[in-house]
Amino acid sequence: MTGTAGATTVTGMGRERRPLVVVLCLIVLGGVLTGAVLTASHDDAAPGTGSHATESHAGADAPVREYADPRAGAPAPPAPVPGPDASTGTVTLDCGRNEEQHYNQDNLVVSPGLSGGAHHTHAYVGNLSTDARSTDESLAAAPTSCRGGDRSTYYWPVLRRTDRPATRPYEQAAGHGNAGEVLTPATVALEFRGSPVGKVVPMPRFLRAITGDAVAYTARDDSQVRARWGCSGSPDRSTTSYPRCREGERVTRTLVFPSCWNGLETANPDRTHLVFATANGVCPRGTFAVPELRLSLAYDVPRGVPLALDSFPEQRHSPRTDHAMFVNVMTDQQMSALVACLNEGRQCRAV
């Protein structure tokens with residue numbers, strides 16, 4: 001929160017002597033007014049007050065507090081109207097809520113082979129072996145938390161409540177200013193959707209995907225910001241700030257992955273192998289529509305609890321830096337069944 005200190009200029013004093021009591025009164029009055037201004041500034045920045053508040057705490061590791069009431073924002077734009085050839089089905093996977101406590105500070109998609117390369121903690125569902133050293137072969141042979149046997153890996157930065165200390169080893173492992181109790185989601189929903197324009201083609205096995213911008217706080221613009229935060233009581237409204245929800249509502253995070261593949265690569269450091277469709281659902285020229293992954297997380301958080309998303313130190317835990325990663329390890333048979341469900345307009349569960 002930025003405050004502007006007012007300055008008072010006194011002119012025309014002359015050379016006459018003023019009584020000492022007047023000088024003392026002015027000093028006392030100035031101190032009272034300064035204290036009042038500082039108190040008001042602190043109160044205005046407290047989470048849970050007002051319609052929107054941003055607070056930059058002192059210190060490089062301190063969180064930037066960005067809170068908003070999602071209900072005050074405009075509703076999400078309507079989804080494109082499905083065309084006659086649309087693939088209108090959905091496939092929902094059940095991969096648990098990370099009951100296995102699979103956490104690490106790695107990022108296989110962004111920095112493979114570099115242990116601790118994320119500088120913050122990721123939580124996983126699906127493939128139970130995923131770390132920086134994972135290979136296609138090790139992923140294909142590992143156990144999974146997903147019903148139906150999907151060995152794909154799905155992961156995202158943890159969300160913490162900073163009013164409670166980190167006490168468990170995985171809560172204390174990240175460092176770099178990421179501190180506080182890690183929140184376990186009340187629900188984790190993984191859903192694949194089709195295209196409103198036409199049929200989708202299978203994803204290649206071991207396709208790497210990322211959504212969101214982990215460095216959005218220091219980026220030039222928000223063009224790569226994808227995460228939407230919200231409250232369970234207003235599912236049609238969202239914000240890029242931490243949501244201020246009503247008592248009894250859950251805090252939600254929703255991340256949608258790109259779904260237009262270039263047909264050539266399974267990974268690319270510039271993220272050009274898998275891009276987003278246009279607003280009307282059409283894939284850019286030279287790309288093909290593949291199943292769209294939608295990751296939704298919900299948390300039971302008491303109203304007013306301070307939140308902090310794990311991040312790189314310079315990103316100050318900004319909610320706009322939320323992101324998620326995915327590696328497709330489905331077998332060809334599993335992917336074919338998923339695509340058939342989407343293209344035939346059916347609603348299916350774990351494949």
# chains A, B, ... in the order shown; residues from 1 in each chain; ligands from 1

$ closest_atom_pairs --of "stretch 62-95 of chain A" --to "stretch 169-192 of chain A" --cutoff "10 Å" --atoms "only C-alpha atoms" --output "tab-separated table"
residue	atom	partner	partner_atom	distance
A:Ala62	CA	A:Gly177	CA	7.0
A:Pro63	CA	A:Gly177	CA	8.6
A:Gly89	CA	A:Phe192	CA	8.5
A:Thr90	CA	A:Phe192	CA	5.7
A:Val91	CA	A:Phe192	CA	5.1
A:Thr92	CA	A:Glu191	CA	4.5
A:Leu93	CA	A:Leu190	CA	5.4
A:Asp94	CA	A:Leu190	CA	7.1
A:Cys95	CA	A:Val188	CA	7.9

$ residues_around --residues "A:Thr239" --least-positions-apart "2" --cutoff "12 Å" --atoms "only C-alpha atoms" --output "MDAnalysis selection string"
chainID A and resid 52 66:76 225:231 234:237 241:245 251:254 319:320

$ write_last_selection --atoms "N, CA and C atoms" --output "short mmCIF file (atom, residue, chain, number, x, y, z; two decimals), in the first residue's frame"
data_model
loop_
_atom_site.label_atom_id
_atom_site.label_comp_id
_atom_site.auth_asym_id
_atom_site.auth_seq_id
_atom_site.Cartn_x
_atom_site.Cartn_y
_atom_site.Cartn_z
N HIS A 52 -10.87 -4.05 -1.73
CA HIS A 52 -9.62 -4.49 -2.35
C HIS A 52 -8.48 -3.87 -1.57
N GLU A 66 -2.45 -9.21 -1.83
CA GLU A 66 -3.41 -8.73 -2.82
C GLU A 66 -4.72 -9.47 -2.59
N TYR A 67 -5.72 -8.75 -2.08
CA TYR A 67 -7.00 -9.35 -1.76
C TYR A 67 -8.11 -8.64 -2.52
N ALA A 68 -9.11 -9.40 -2.91
CA ALA A 68 -10.26 -8.82 -3.60
C ALA A 68 -11.48 -9.70 -3.36
N ASP A 69 -12.64 -9.09 -3.46
CA ASP A 69 -13.90 -9.82 -3.39
C ASP A 69 -14.29 -10.20 -4.81
N PRO A 70 -14.25 -11.49 -5.15
CA PRO A 70 -14.58 -11.89 -6.53
C PRO A 70 -15.96 -11.45 -6.97
N ARG A 71 -16.89 -11.32 -6.02
CA ARG A 71 -18.25 -10.94 -6.39
C ARG A 71 -18.32 -9.53 -6.95
N ALA A 72 -17.31 -8.71 -6.66
CA ALA A 72 -17.31 -7.33 -7.14
C ALA A 72 -16.86 -7.23 -8.59
N GLY A 73 -16.27 -8.29 -9.11
CA GLY A 73 -15.79 -8.28 -10.48
C GLY A 73 -16.86 -8.68 -11.48
N ALA A 74 -16.51 -8.50 -12.73
CA ALA A 74 -17.43 -8.88 -13.81
C ALA A 74 -17.45 -10.40 -13.96
N PRO A 75 -18.58 -10.97 -14.35
CA PRO A 75 -18.61 -12.42 -14.57
C PRO A 75 -17.69 -12.81 -15.71
N ALA A 76 -17.28 -14.06 -15.69
CA ALA A 76 -16.41 -14.56 -16.75
C ALA A 76 -17.13 -14.47 -18.09
N VAL A 225 -0.69 -14.57 -17.30
CA VAL A 225 -1.42 -14.91 -16.07
C VAL A 225 -2.66 -15.70 -16.44
N ARG A 226 -2.79 -16.89 -15.87
CA ARG A 226 -3.91 -17.77 -16.23
C ARG A 226 -4.76 -18.17 -15.04
N ALA A 227 -4.18 -18.20 -13.85
CA ALA A 227 -4.92 -18.68 -12.68
C ALA A 227 -6.05 -17.73 -12.34
N ARG A 228 -7.17 -18.32 -11.96
CA ARG A 228 -8.31 -17.56 -11.49
C ARG A 228 -8.64 -18.01 -10.07
N TRP A 229 -8.71 -17.06 -9.16
CA TRP A 229 -9.04 -17.32 -7.77
C TRP A 229 -10.51 -16.96 -7.53
N GLY A 230 -11.16 -17.68 -6.65
CA GLY A 230 -12.57 -17.40 -6.41
C GLY A 230 -13.07 -17.97 -5.11
N CYS A 231 -14.38 -17.95 -4.96
CA CYS A 231 -15.07 -18.47 -3.77
C CYS A 231 -16.13 -19.46 -4.24
N SER A 234 -19.63 -18.28 -5.31
CA SER A 234 -19.83 -17.48 -6.53
C SER A 234 -18.99 -18.08 -7.65
N PRO A 235 -19.35 -19.27 -8.13
CA PRO A 235 -18.51 -19.96 -9.11
C PRO A 235 -18.37 -19.25 -10.44
N ASP A 236 -19.25 -18.29 -10.73
CA ASP A 236 -19.19 -17.58 -12.01
C ASP A 236 -18.36 -16.31 -11.94
N ARG A 237 -17.76 -16.02 -10.78
CA ARG A 237 -16.95 -14.83 -10.61
C ARG A 237 -15.54 -15.23 -10.17
N SER A 241 -6.48 -11.88 -7.70
CA SER A 241 -6.00 -11.63 -6.34
C SER A 241 -6.43 -12.78 -5.43
N TYR A 242 -5.87 -12.81 -4.22
CA TYR A 242 -6.40 -13.75 -3.23
C TYR A 242 -7.85 -13.37 -2.94
N PRO A 243 -8.76 -14.33 -2.95
CA PRO A 243 -10.17 -13.98 -2.77
C PRO A 243 -10.54 -13.78 -1.31
N ARG A 244 -11.38 -12.82 -1.06
CA ARG A 244 -11.94 -12.60 0.27
C ARG A 244 -13.34 -13.22 0.27
N CYS A 245 -13.43 -14.44 0.79
CA CYS A 245 -14.69 -15.20 0.73
C CYS A 245 -15.51 -15.01 2.00
N VAL A 251 -12.11 -21.29 -0.61
CA VAL A 251 -11.24 -20.57 -1.54
C VAL A 251 -10.91 -21.50 -2.71
N THR A 252 -11.03 -21.00 -3.94
CA THR A 252 -10.82 -21.85 -5.11
C THR A 252 -9.70 -21.29 -5.99
N ARG A 253 -8.99 -22.22 -6.65
CA ARG A 253 -7.99 -21.89 -7.68
C ARG A 253 -8.33 -22.71 -8.91
N THR A 254 -8.37 -22.08 -10.06
CA THR A 254 -8.66 -22.79 -11.31
C THR A 254 -7.59 -22.45 -12.34
N PRO A 319 -0.39 -13.69 -5.90
CA PRO A 319 -1.34 -14.68 -6.43
C PRO A 319 -1.33 -14.75 -7.95
N ARG A 320 -0.85 -13.70 -8.61
CA ARG A 320 -0.80 -13.71 -10.07
C ARG A 320 0.26 -14.66 -10.61
#

$ atom_distance --atom1 "atom CA of A:Leu274" --atom2 "atom CA of A:Thr331"
19.7 Å

$ closest_residue --among "A:Ser232, A:Ser296, A:Ser318, A:Gln224" --to "A:Arg271" --atoms "only C-alpha atoms"
A:Gln224

$ select_by_dssp --residues "stretch 173-324 of chain A" --states "strand (DSSP E or B)" --output "PyMOL selection string"
chain A and resi 175+178+181-182+187-193+208-212+228-231+239+242-243+251-256+260-261+274-275+288-289+292-299+307-309+323-324

$ atom_distance --atom1 "atom CA of A:Val110" --atom2 "atom CA of A:Ala209"
9.3 Å

$ select_by_dssp --residues "stretch 119-314 of chain A" --states "helix (DSSP H, G or I)" --output "NGL selection string"
:A and (136-141 or 169-172 or 216-218 or 313-314)

$ write_last_selection --atoms "C-alpha atoms" --output "mmCIF file, in the first residue's frame"
data_model
loop_
_atom_site.group_PDB
_atom_site.id
_atom_site.type_symbol
_atom_site.label_atom_id
_atom_site.label_comp_id
_atom_site.auth_asym_id
_atom_site.auth_seq_id
_atom_site.Cartn_x
_atom_site.Cartn_y
_atom_site.Cartn_z
ATOM 1 C CA ASP A 136 9.901 -41.035 -19.529
ATOM 2 C CA GLU A 137 10.865 -44.596 -18.611
ATOM 3 C CA SER A 138 10.702 -44.037 -14.845
ATOM 4 C CA LEU A 139 7.357 -42.253 -15.086
ATOM 5 C CA ALA A 140 5.886 -45.070 -17.181
ATOM 6 C CA ALA A 141 6.901 -47.652 -14.556
ATOM 7 C CA PRO A 169 9.638 -31.407 7.169
ATOM 8 C CA TYR A 170 8.077 -30.762 3.760
ATOM 9 C CA GLU A 171 6.772 -27.391 4.997
ATOM 10 C CA GLN A 172 10.270 -26.295 6.007
ATOM 11 C CA ALA A 216 4.189 -12.533 -13.224
ATOM 12 C CA TYR A 217 4.933 -10.126 -10.353
ATOM 13 C CA THR A 218 8.051 -8.797 -12.122
ATOM 14 C CA PRO A 313 11.754 -14.876 -3.641
ATOM 15 C CA GLU A 314 11.477 -11.861 -5.951
#

$ atom_distance --atom1 "atom CA of A:Pro84" --atom2 "atom CA of A:Met330"
28.7 Å

$ closest_atom_pairs --of "stretch 322-342 of chain A" --to "stretch 146-151 of chain A" --cutoff "10 Å" --atoms "only C-alpha atoms" --output "Markdown table"
| residue | atom | partner | partner_atom | distance |
| --- | --- | --- | --- | --- |
| A:Val327 | CA | A:Arg151 | CA | 9.1 |
| A:Asn328 | CA | A:Arg151 | CA | 7.8 |
| A:Val329 | CA | A:Arg151 | CA | 5.3 |
| A:Met330 | CA | A:Asp150 | CA | 5.5 |
| A:Thr331 | CA | A:Asp150 | CA | 7.9 |
| A:Gln334 | CA | A:Asp150 | CA | 7.7 |
| A:Met335 | CA | A:Asp150 | CA | 9.5 |

$ write_last_selection --atoms "N, CA, C and O atoms" --output "PDB file, in the first residue's frame"
ATOM      1  N   VAL A 327       2.455 -33.643 -17.126  1.00  0.00           N
ATOM      2  CA  VAL A 327       3.142 -34.526 -18.076  1.00  0.00           C
ATOM      3  C   VAL A 327       2.187 -35.673 -18.381  1.00  0.00           C
ATOM      4  O   VAL A 327       1.759 -36.400 -17.466  1.00  0.00           O
ATOM      5  N   ASN A 328       1.835 -35.833 -19.642  1.00  0.00           N
ATOM      6  CA  ASN A 328       0.920 -36.896 -20.034  1.00  0.00           C
ATOM      7  C   ASN A 328       1.659 -38.239 -20.089  1.00  0.00           C
ATOM      8  O   ASN A 328       2.555 -38.429 -20.915  1.00  0.00           O
ATOM      9  N   VAL A 329       1.267 -39.163 -19.212  1.00  0.00           N
ATOM     10  CA  VAL A 329       1.864 -40.498 -19.211  1.00  0.00           C
ATOM     11  C   VAL A 329       0.795 -41.548 -19.467  1.00  0.00           C
ATOM     12  O   VAL A 329       0.973 -42.733 -19.212  1.00  0.00           O
ATOM     13  N   MET A 330      -0.357 -41.125 -19.977  1.00  0.00           N
ATOM     14  CA  MET A 330      -1.402 -42.091 -20.311  1.00  0.00           C
ATOM     15  C   MET A 330      -0.906 -43.026 -21.412  1.00  0.00           C
ATOM     16  O   MET A 330      -0.158 -42.614 -22.294  1.00  0.00           O
ATOM     17  N   THR A 331      -1.345 -44.266 -21.353  1.00  0.00           N
ATOM     18  CA  THR A 331      -1.055 -45.195 -22.446  1.00  0.00           C
ATOM     19  C   THR A 331      -1.856 -44.780 -23.669  1.00  0.00           C
ATOM     20  O   THR A 331      -2.821 -44.007 -23.581  1.00  0.00           O
ATOM     21  N   GLN A 334      -5.471 -45.604 -23.061  1.00  0.00           N
ATOM     22  CA  GLN A 334      -6.154 -44.664 -22.177  1.00  0.00           C
ATOM     23  C   GLN A 334      -6.461 -43.348 -22.887  1.00  0.00           C
ATOM     24  O   GLN A 334      -7.556 -42.799 -22.754  1.00  0.00           O
ATOM     25  N   MET A 335      -5.512 -42.833 -23.640  1.00  0.00           N
ATOM     26  CA  MET A 335      -5.735 -41.579 -24.359  1.00  0.00           C
ATOM     27  C   MET A 335      -6.803 -41.745 -25.436  1.00  0.00           C
ATOM     28  O   MET A 335      -7.647 -40.857 -25.642  1.00  0.00           O
TER      29      MET A 335
END

$ residues_around --residues "A:Ala79" --least-positions-apart "6" --cutoff "9 Å" --atoms "only C-alpha atoms" --output "list in words"
Pro196, Ala279, Asn280 and Gly281 of chain A

$ closest_residue --among "A:Pro302, A:Asp332, A:His323, A:Pro204" --to "A:Asp163" --atoms "only C-alpha atoms"
A:Pro302

$ residues_around --residues "A:Trp156" --least-positions-apart "4" --cutoff "6 Å" --atoms "only C-alpha atoms" --output "VMD selection string"
chain A and resid 122 to 123 324

$ closest_residue --among "A:Ala166, A:Leu108, A:Leu114, A:Cys260" --to "A:Val290" --atoms "only C-alpha atoms"
A:Cys260

$ closest_residue --among "A:Gly345, A:Pro269, A:Pro284, A:Gly304" --to "A:Pro112" --atoms "only C-alpha atoms"
A:Pro269
